[in-house]
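Peer 1: Here you go, this is model_30.csv (CSV, N, CA and C atoms and all ligand atoms).
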chain,number,residue,atom,x,y,z
A,1,MET,N,13.5,-1.6,7.6
A,1,MET,CA,12.9,-0.3,7.4
A,1,MET,C,12.2,0.1,8.7
A,2,ASP,N,12.5,1.2,9.3
A,2,ASP,CA,11.7,1.5,10.5
A,2,ASP,C,10.6,2.5,10.1
A,3,ASP,N,9.8,2.9,11.1
A,3,ASP,CA,8.6,3.8,10.9
A,3,ASP,C,9.0,5.1,10.2
A,4,LYS,N,10.1,5.7,10.6
A,4,LYS,CA,10.5,7.0,10.1
A,4,LYS,C,10.8,6.8,8.6
A,5,ASP,N,11.5,5.8,8.2
A,5,ASP,CA,11.8,5.6,6.8
A,5,ASP,C,10.6,5.4,6.0
A,6,LEU,N,9.7,4.6,6.6
A,6,LEU,CA,8.4,4.3,5.9
A,6,LEU,C,7.6,5.6,5.6
A,7,ARG,N,7.6,6.5,6.7
A,7,ARG,CA,6.9,7.8,6.5
A,7,ARG,C,7.4,8.6,5.4
A,8,SER,N,8.7,8.7,5.4
A,8,SER,CA,9.3,9.6,4.3
A,8,SER,C,9.2,8.9,2.9
A,9,LEU,N,9.1,7.6,2.9
A,9,LEU,CA,8.9,6.9,1.7
A,9,LEU,C,7.5,7.0,1.1
A,10,ILE,N,6.5,6.9,1.9
A,10,ILE,CA,5.2,6.9,1.3
A,10,ILE,C,4.6,8.3,1.3
A,11,GLY,N,5.2,9.3,2.1
A,11,GLY,CA,4.6,10.6,2.1
A,11,GLY,C,3.5,10.7,3.1
A,12,ASN,N,3.2,12.0,3.5
A,12,ASN,CA,2.2,12.2,4.5
A,12,ASN,C,1.4,13.5,4.2
A,13,PRO,N,0.1,13.4,3.8
A,13,PRO,CA,-0.7,12.2,3.8
A,13,PRO,C,-0.3,11.2,2.7
A,14,PHE,N,-0.5,10.0,2.9
A,14,PHE,CA,-0.2,9.0,1.9
A,14,PHE,C,-1.4,9.0,0.9
A,15,ASN,N,-1.0,9.2,-0.4
A,15,ASN,CA,-2.1,9.3,-1.4
A,15,ASN,C,-2.5,8.0,-2.1
A,16,GLY,N,-1.8,6.9,-1.6
A,16,GLY,CA,-2.3,5.6,-2.1
A,16,GLY,C,-1.5,5.0,-3.3
A,17,TYR,N,-0.6,5.8,-3.8
A,17,TYR,CA,0.2,5.3,-4.9
A,17,TYR,C,1.4,4.5,-4.4
A,18,CYS,N,1.8,3.5,-5.1
A,18,CYS,CA,2.9,2.7,-4.7
A,18,CYS,C,4.2,3.5,-4.5
A,19,PRO,N,4.8,3.4,-3.3
A,19,PRO,CA,6.1,4.1,-3.1
A,19,PRO,C,7.3,3.4,-3.7
A,20,ARG,N,7.1,2.3,-4.2
A,20,ARG,CA,8.3,1.5,-4.8
A,20,ARG,C,8.4,1.6,-6.3
A,21,CYS,N,7.4,1.9,-7.0
A,21,CYS,CA,7.5,1.9,-8.4
A,21,CYS,C,6.7,3.1,-9.0
A,22,SER,N,6.6,3.3,-10.3
A,22,SER,CA,6.0,4.4,-10.8
A,22,SER,C,4.6,4.1,-11.3
A,23,CYS,N,4.0,3.1,-10.7
A,23,CYS,CA,2.6,2.7,-11.1
A,23,CYS,C,1.6,3.9,-11.0
A,24,THR,N,0.8,4.1,-12.0
A,24,THR,CA,-0.1,5.2,-12.0
A,24,THR,C,-1.5,4.8,-11.5
A,25,GLU,N,-1.6,3.6,-11.1
A,25,GLU,CA,-2.9,3.2,-10.5
A,25,GLU,C,-2.7,3.0,-9.0
A,26,LYS,N,-3.6,3.5,-8.2
A,26,LYS,CA,-3.5,3.4,-6.8
A,26,LYS,C,-3.5,1.9,-6.3
A,27,MET,N,-2.9,1.7,-5.2
A,27,MET,CA,-2.8,0.4,-4.7
A,27,MET,C,-4.2,-0.1,-4.4
A,28,LYS,N,-4.4,-1.4,-4.5
A,28,LYS,CA,-5.7,-2.0,-4.3
A,28,LYS,C,-5.7,-3.0,-3.2
A,29,ILE,N,-6.8,-3.3,-2.6
A,29,ILE,CA,-6.8,-4.3,-1.5
A,29,ILE,C,-6.9,-5.6,-2.1
A,30,ASN,N,-6.2,-6.6,-1.6
A,30,ASN,CA,-6.2,-7.9,-2.1
A,30,ASN,C,-6.9,-8.8,-1.1
A,31,LYS,N,-7.0,-10.1,-1.5
A,31,LYS,CA,-7.8,-11.0,-0.7
A,31,LYS,C,-7.2,-11.4,0.6
A,32,GLY,N,-5.9,-11.0,0.8
A,32,GLY,CA,-5.3,-11.2,2.1
A,32,GLY,C,-5.5,-10.0,3.0
A,33,ASP,N,-6.3,-9.0,2.5
A,33,ASP,CA,-6.6,-7.8,3.3
A,33,ASP,C,-5.5,-6.9,3.4
A,34,PHE,N,-4.6,-6.9,2.5
A,34,PHE,CA,-3.5,-5.9,2.4
A,34,PHE,C,-3.6,-5.1,1.2
A,35,TRP,N,-3.0,-3.9,1.2
A,35,TRP,CA,-3.0,-3.0,0.0
A,35,TRP,C,-1.8,-3.5,-0.8
A,36,GLU,N,-2.1,-3.7,-2.1
A,36,GLU,CA,-1.1,-4.2,-3.0
A,36,GLU,C,-0.9,-3.4,-4.3
A,37,CYS,N,0.3,-3.2,-4.7
A,37,CYS,CA,0.6,-2.5,-6.0
A,37,CYS,C,0.2,-3.4,-7.1
A,38,VAL,N,-0.5,-2.9,-8.1
A,38,VAL,CA,-0.9,-3.7,-9.2
A,38,VAL,C,0.2,-4.0,-10.2
A,39,LYS,N,1.3,-3.3,-10.1
A,39,LYS,CA,2.4,-3.4,-11.0
A,39,LYS,C,3.6,-4.3,-10.4
A,40,CYS,N,4.0,-3.9,-9.2
A,40,CYS,CA,5.2,-4.6,-8.6
A,40,CYS,C,4.9,-5.6,-7.5
A,41,GLY,N,3.6,-5.5,-7.0
A,41,GLY,CA,3.2,-6.5,-6.0
A,41,GLY,C,3.6,-6.1,-4.6
A,42,PHE,N,4.2,-4.9,-4.4
A,42,PHE,CA,4.5,-4.3,-3.1
A,42,PHE,C,3.3,-4.3,-2.2
A,43,GLN,N,3.4,-4.7,-1.0
A,43,GLN,CA,2.2,-4.8,-0.1
A,43,GLN,C,2.4,-3.9,1.1
A,44,LEU,N,1.3,-3.3,1.5
A,44,LEU,CA,1.2,-2.4,2.7
A,44,LEU,C,0.0,-2.9,3.5
A,45,GLY,N,0.1,-2.8,4.8
A,45,GLY,CA,-1.1,-3.0,5.6
A,45,GLY,C,-1.4,-1.7,6.2
A,46,ALA,N,-2.7,-1.4,6.5
A,46,ALA,CA,-3.1,-0.2,7.1
A,46,ALA,C,-4.3,-0.4,7.9
A,47,ALA,N,-4.4,0.3,9.1
A,47,ALA,CA,-5.5,0.3,9.9
A,47,ALA,C,-5.6,1.5,10.8
A,48,GLU,N,-6.6,2.3,10.7
A,48,GLU,CA,-6.8,3.5,11.5
A,48,GLU,C,-5.6,4.4,11.6
A,49,GLY,N,-5.0,4.8,10.5
A,49,GLY,CA,-3.9,5.7,10.5
A,49,GLY,C,-2.6,5.1,10.7
A,50,PHE,N,-2.6,3.8,11.0
A,50,PHE,CA,-1.3,3.1,11.2
A,50,PHE,C,-1.0,2.3,10.0
A,51,ILE,N,0.2,2.5,9.4
A,51,ILE,CA,0.5,1.8,8.2
A,51,ILE,C,1.8,1.0,8.4
A,52,PHE,N,1.8,-0.2,8.0
A,52,PHE,CA,2.9,-1.0,8.1
A,52,PHE,C,3.3,-1.7,6.8
A,53,VAL,N,4.5,-2.1,6.7
A,53,VAL,CA,5.0,-2.7,5.4
A,53,VAL,C,4.9,-4.2,5.5
A,54,ILE,N,4.4,-4.8,4.5
A,54,ILE,CA,4.5,-6.3,4.3
A,54,ILE,C,5.5,-6.5,3.1
A,55,CYS,N,6.7,-6.6,3.3
A,55,CYS,CA,7.6,-6.7,2.2
A,55,CYS,C,8.3,-8.0,2.0
A,56,ALA,N,8.1,-8.9,3.0
A,56,ALA,CA,8.7,-10.2,2.9
A,56,ALA,C,8.2,-11.0,1.6
A,57,GLU,N,7.0,-10.8,1.3
A,57,GLU,CA,6.4,-11.5,0.2
A,57,GLU,C,5.6,-10.6,-0.7
A,58,LYS,N,5.8,-10.7,-2.0
A,58,LYS,CA,5.1,-9.9,-2.9
A,58,LYS,C,3.7,-10.4,-3.0
A,59,GLY,N,2.8,-9.5,-3.3
A,59,GLY,CA,1.4,-9.9,-3.5
A,59,GLY,C,1.3,-10.7,-4.8
A,60,LYS,N,0.2,-11.5,-4.8
A,60,LYS,CA,0.0,-12.4,-6.0
A,60,LYS,C,-1.0,-11.9,-7.0
A,61,GLY,N,-1.5,-10.7,-6.7
A,61,GLY,CA,-2.5,-10.1,-7.6
A,61,GLY,C,-3.9,-10.6,-7.4
A,62,ASN,N,-4.1,-11.2,-6.2
A,62,ASN,CA,-5.5,-11.7,-5.9
A,62,ASN,C,-6.3,-10.5,-5.3
A,63,PHE,N,-6.7,-9.6,-6.2
A,63,PHE,CA,-7.5,-8.5,-5.7
A,63,PHE,C,-8.9,-8.8,-5.5
A,64,VAL,N,-9.5,-8.1,-4.6
A,64,VAL,CA,-11.0,-8.3,-4.4
A,64,VAL,C,-11.7,-7.6,-5.5
A,65,GLU,N,-12.9,-8.2,-5.8
A,65,GLU,CA,-13.8,-7.6,-6.8
A,65,GLU,C,-15.1,-7.2,-6.2
A,66,PRO,N,-15.7,-6.1,-6.5
A,66,PRO,CA,-15.1,-5.0,-7.3
A,66,PRO,C,-13.8,-4.4,-6.7
A,67,PRO,N,-12.9,-3.8,-7.4
A,67,PRO,CA,-11.7,-3.3,-6.9
A,67,PRO,C,-11.9,-2.2,-5.9
A,68,VAL,N,-11.1,-2.2,-4.9
A,68,VAL,CA,-11.1,-1.1,-3.8
A,68,VAL,C,-9.7,-0.5,-3.8
A,69,HIS,N,-9.7,0.8,-4.2
A,69,HIS,CA,-8.4,1.6,-4.2
A,69,HIS,C,-8.2,2.3,-2.9
A,70,PHE,N,-6.9,2.5,-2.7
A,70,PHE,CA,-6.5,3.1,-1.4
A,70,PHE,C,-7.0,4.6,-1.3
A,71,PRO,N,-7.6,4.9,-0.1
A,71,PRO,CA,-8.0,6.3,0.1
A,71,PRO,C,-6.8,7.1,0.5
A,72,VAL,N,-7.0,8.4,0.6
A,72,VAL,CA,-5.9,9.3,1.1
A,72,VAL,C,-5.9,9.2,2.6
A,73,VAL,N,-4.8,8.9,3.3
A,73,VAL,CA,-4.8,8.8,4.7
A,73,VAL,C,-3.7,9.7,5.3
A,74,ARG,N,-3.9,10.2,6.4
A,74,ARG,CA,-2.9,11.0,7.1
A,74,ARG,C,-2.2,10.0,8.0
A,75,VAL,N,-0.9,9.9,7.9
A,75,VAL,CA,-0.1,9.0,8.7
A,75,VAL,C,0.2,9.6,10.1
A,76,LEU,N,-0.1,8.9,11.1
A,76,LEU,CA,0.1,9.4,12.5
A,76,LEU,C,1.5,9.2,12.9
B,101,ZN,ZN,4.6,-0.8,-7.2
If you took the structure in this file and wrote it as structure tokens, what would it be?
Peer 2:
Amino acid sequence: MDDKDLRSLIGNPFNGYCPRCSCTEKMKINKGDFWECVKCGFQLGAAEGFIFVICAEKGKGNFVEPPVHFPVVRVL
């Protein structure tokens, strides 16, 4: 998946909902410092408007407490 595919997949601005499934809860940050879908485990990394996909490995649901949900970000 290249950057263009990712942009069309997640939308711009990205609203924080999982692009891979119909989960109605926003992605949350996990203990590995990645954004993870609570339903399917899809992971995204994000820093200062740059978003990248971590798809090799599904998240394990190790979310930080208290939960931190994804903010709306404009993809550059
Ligand atoms: Zn998902």
Peer 1: What residues of the protein or nucleic acid chains come within 8 Å of ligand ZN 101 (chain B) when you use only C-alpha atoms and all ligand atoms? Reply as a ChimeraX atom specification.
Peer 2: /A:17-23,27,36-42
Peer 1: Neighbouring residues of A:Leu6 were defined as those with any atom within 9 Å, considering only C-alpha atoms; residues of the same chain fewer than 5 positions away were excluded. Please report them as JSON, numbers by chain.
Peer 2: {"A": [1, 11, 51, 52, 53]}
Peer 1: For the selection you just gave me, I'd like the residues written to a file as a compact mmCIF listing (two decimals), in the frame of the given file, keeping N, CA and C atoms.
Peer 2:
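Everything below was put into selection-v1.txt:
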# COMPACT_ATOMS: atom_id res chain seq x y z
N MET A 1 13.50 -1.60 7.60
CA MET A 1 12.90 -0.30 7.40
C MET A 1 12.20 0.10 8.70
N GLY A 11 5.20 9.30 2.10
CA GLY A 11 4.60 10.60 2.10
C GLY A 11 3.50 10.70 3.10
N ILE A 51 0.20 2.50 9.40
CA ILE A 51 0.50 1.80 8.20
C ILE A 51 1.80 1.00 8.40
N PHE A 52 1.80 -0.20 8.00
CA PHE A 52 2.90 -1.00 8.10
C PHE A 52 3.30 -1.70 6.80
N VAL A 53 4.50 -2.10 6.70
CA VAL A 53 5.00 -2.70 5.40
C VAL A 53 4.90 -4.20 5.50
Peer 1: With only C-alpha atoms as the atoms that count, which of A:Glu57, A:Val73, A:Val68, A:Asn30 lies nearest to A:Asn12?
Peer 2: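 Closest candidate: A:Val73.
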Peer 1: If DSSP is run on the backbone, what residues of stretch 3-70 of chain A are helix (DSSP H, G or I)? A reply as a short mmCIF file (atom, residue, chain, number, x, y, z; two decimals) with N, CA and C atoms, in the coordinates of the input would be ideal.
Peer 2:
data_model
loop_
_atom_site.label_atom_id
_atom_site.label_comp_id
_atom_site.auth_asym_id
_atom_site.auth_seq_id
_atom_site.Cartn_x
_atom_site.Cartn_y
_atom_site.Cartn_z
N ASP A 3 9.80 2.90 11.10
CA ASP A 3 8.60 3.80 10.90
C ASP A 3 9.00 5.10 10.20
N LYS A 4 10.10 5.70 10.60
CA LYS A 4 10.50 7.00 10.10
C LYS A 4 10.80 6.80 8.60
N ASP A 5 11.50 5.80 8.20
CA ASP A 5 11.80 5.60 6.80
C ASP A 5 10.60 5.40 6.00
N LEU A 6 9.70 4.60 6.60
CA LEU A 6 8.40 4.30 5.90
C LEU A 6 7.60 5.60 5.60
N ARG A 7 7.60 6.50 6.70
CA ARG A 7 6.90 7.80 6.50
C ARG A 7 7.40 8.60 5.40
N SER A 8 8.70 8.70 5.40
CA SER A 8 9.30 9.60 4.30
C SER A 8 9.20 8.90 2.90
N LEU A 9 9.10 7.60 2.90
CA LEU A 9 8.90 6.90 1.70
C LEU A 9 7.50 7.00 1.10
N ILE A 10 6.50 6.90 1.90
CA ILE A 10 5.20 6.90 1.30
C ILE A 10 4.60 8.30 1.30
#
Peer 1: I'd like the interatomic distance between atom N of A:Phe50 and atom N of A:Arg74, to a tenth of an Å.
Peer 2: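 Taking atom N of A:Phe50 as the start and atom N of A:Arg74 as the end point, the length is 8.0 Å.
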Peer 1: Rounded to one decimal place, report the atom N of A:Pro67-atom CA of A:Glu25 distance in Å.
Peer 2: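 If I compute the distance from atom N of A:Pro67 to atom CA of A:Glu25, I get 12.6 Å.
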Peer 1: In Å, with one decimal, what is the gap from atom C of A:Phe63 to atom C of A:Ser8?
Peer 2: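 Result for atom C of A:Phe63 versus atom C of A:Ser8: 26.7 Å, one decimal.
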Peer 1: Identify, with DSSP run on backbone atoms, the residues in chain A assigned to strand (DSSP E or B), and express the list as a ChimeraX atom specification.
Peer 2: /A:14,28-30,35-36,43-47,50-54,63,69,73
Peer 1: From the options A:Ala47, A:Val64, A:Ile54, A:Ile10, which residue's atoms come nearest to A:Gly32, counting all atoms listed in the file?
Peer 2: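 The closest residue to A:Gly32 is A:Val64.
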Peer 1: Please identify all polymer residues within 8 Å of A:Gly16, counting only C-alpha atoms, omitting same-chain residues fewer than 6 positions from it, and present them as an mmCIF file with N, CA and C atoms, keeping the file's coordinate frame.
Peer 2:
data_model
loop_
_atom_site.group_PDB
_atom_site.id
_atom_site.type_symbol
_atom_site.label_atom_id
_atom_site.label_comp_id
_atom_site.auth_asym_id
_atom_site.auth_seq_id
_atom_site.Cartn_x
_atom_site.Cartn_y
_atom_site.Cartn_z
ATOM 1 N N LYS A 26 -3.600 3.500 -8.200
ATOM 2 C CA LYS A 26 -3.500 3.400 -6.800
ATOM 3 C C LYS A 26 -3.500 1.900 -6.300
ATOM 4 N N MET A 27 -2.900 1.700 -5.200
ATOM 5 C CA MET A 27 -2.800 0.400 -4.700
ATOM 6 C C MET A 27 -4.200 -0.100 -4.400
ATOM 7 N N HIS A 69 -9.700 0.800 -4.200
ATOM 8 C CA HIS A 69 -8.400 1.600 -4.200
ATOM 9 C C HIS A 69 -8.200 2.300 -2.900
ATOM 10 N N PHE A 70 -6.900 2.500 -2.700
ATOM 11 C CA PHE A 70 -6.500 3.100 -1.400
ATOM 12 C C PHE A 70 -7.000 4.600 -1.300
ATOM 13 N N PRO A 71 -7.600 4.900 -0.100
ATOM 14 C CA PRO A 71 -8.000 6.300 0.100
ATOM 15 C C PRO A 71 -6.800 7.100 0.500
ATOM 16 N N VAL A 72 -7.000 8.400 0.600
ATOM 17 C CA VAL A 72 -5.900 9.300 1.100
ATOM 18 C C VAL A 72 -5.900 9.200 2.600
ATOM 19 N N VAL A 73 -4.800 8.900 3.300
ATOM 20 C CA VAL A 73 -4.800 8.800 4.700
ATOM 21 C C VAL A 73 -3.700 9.700 5.300
#
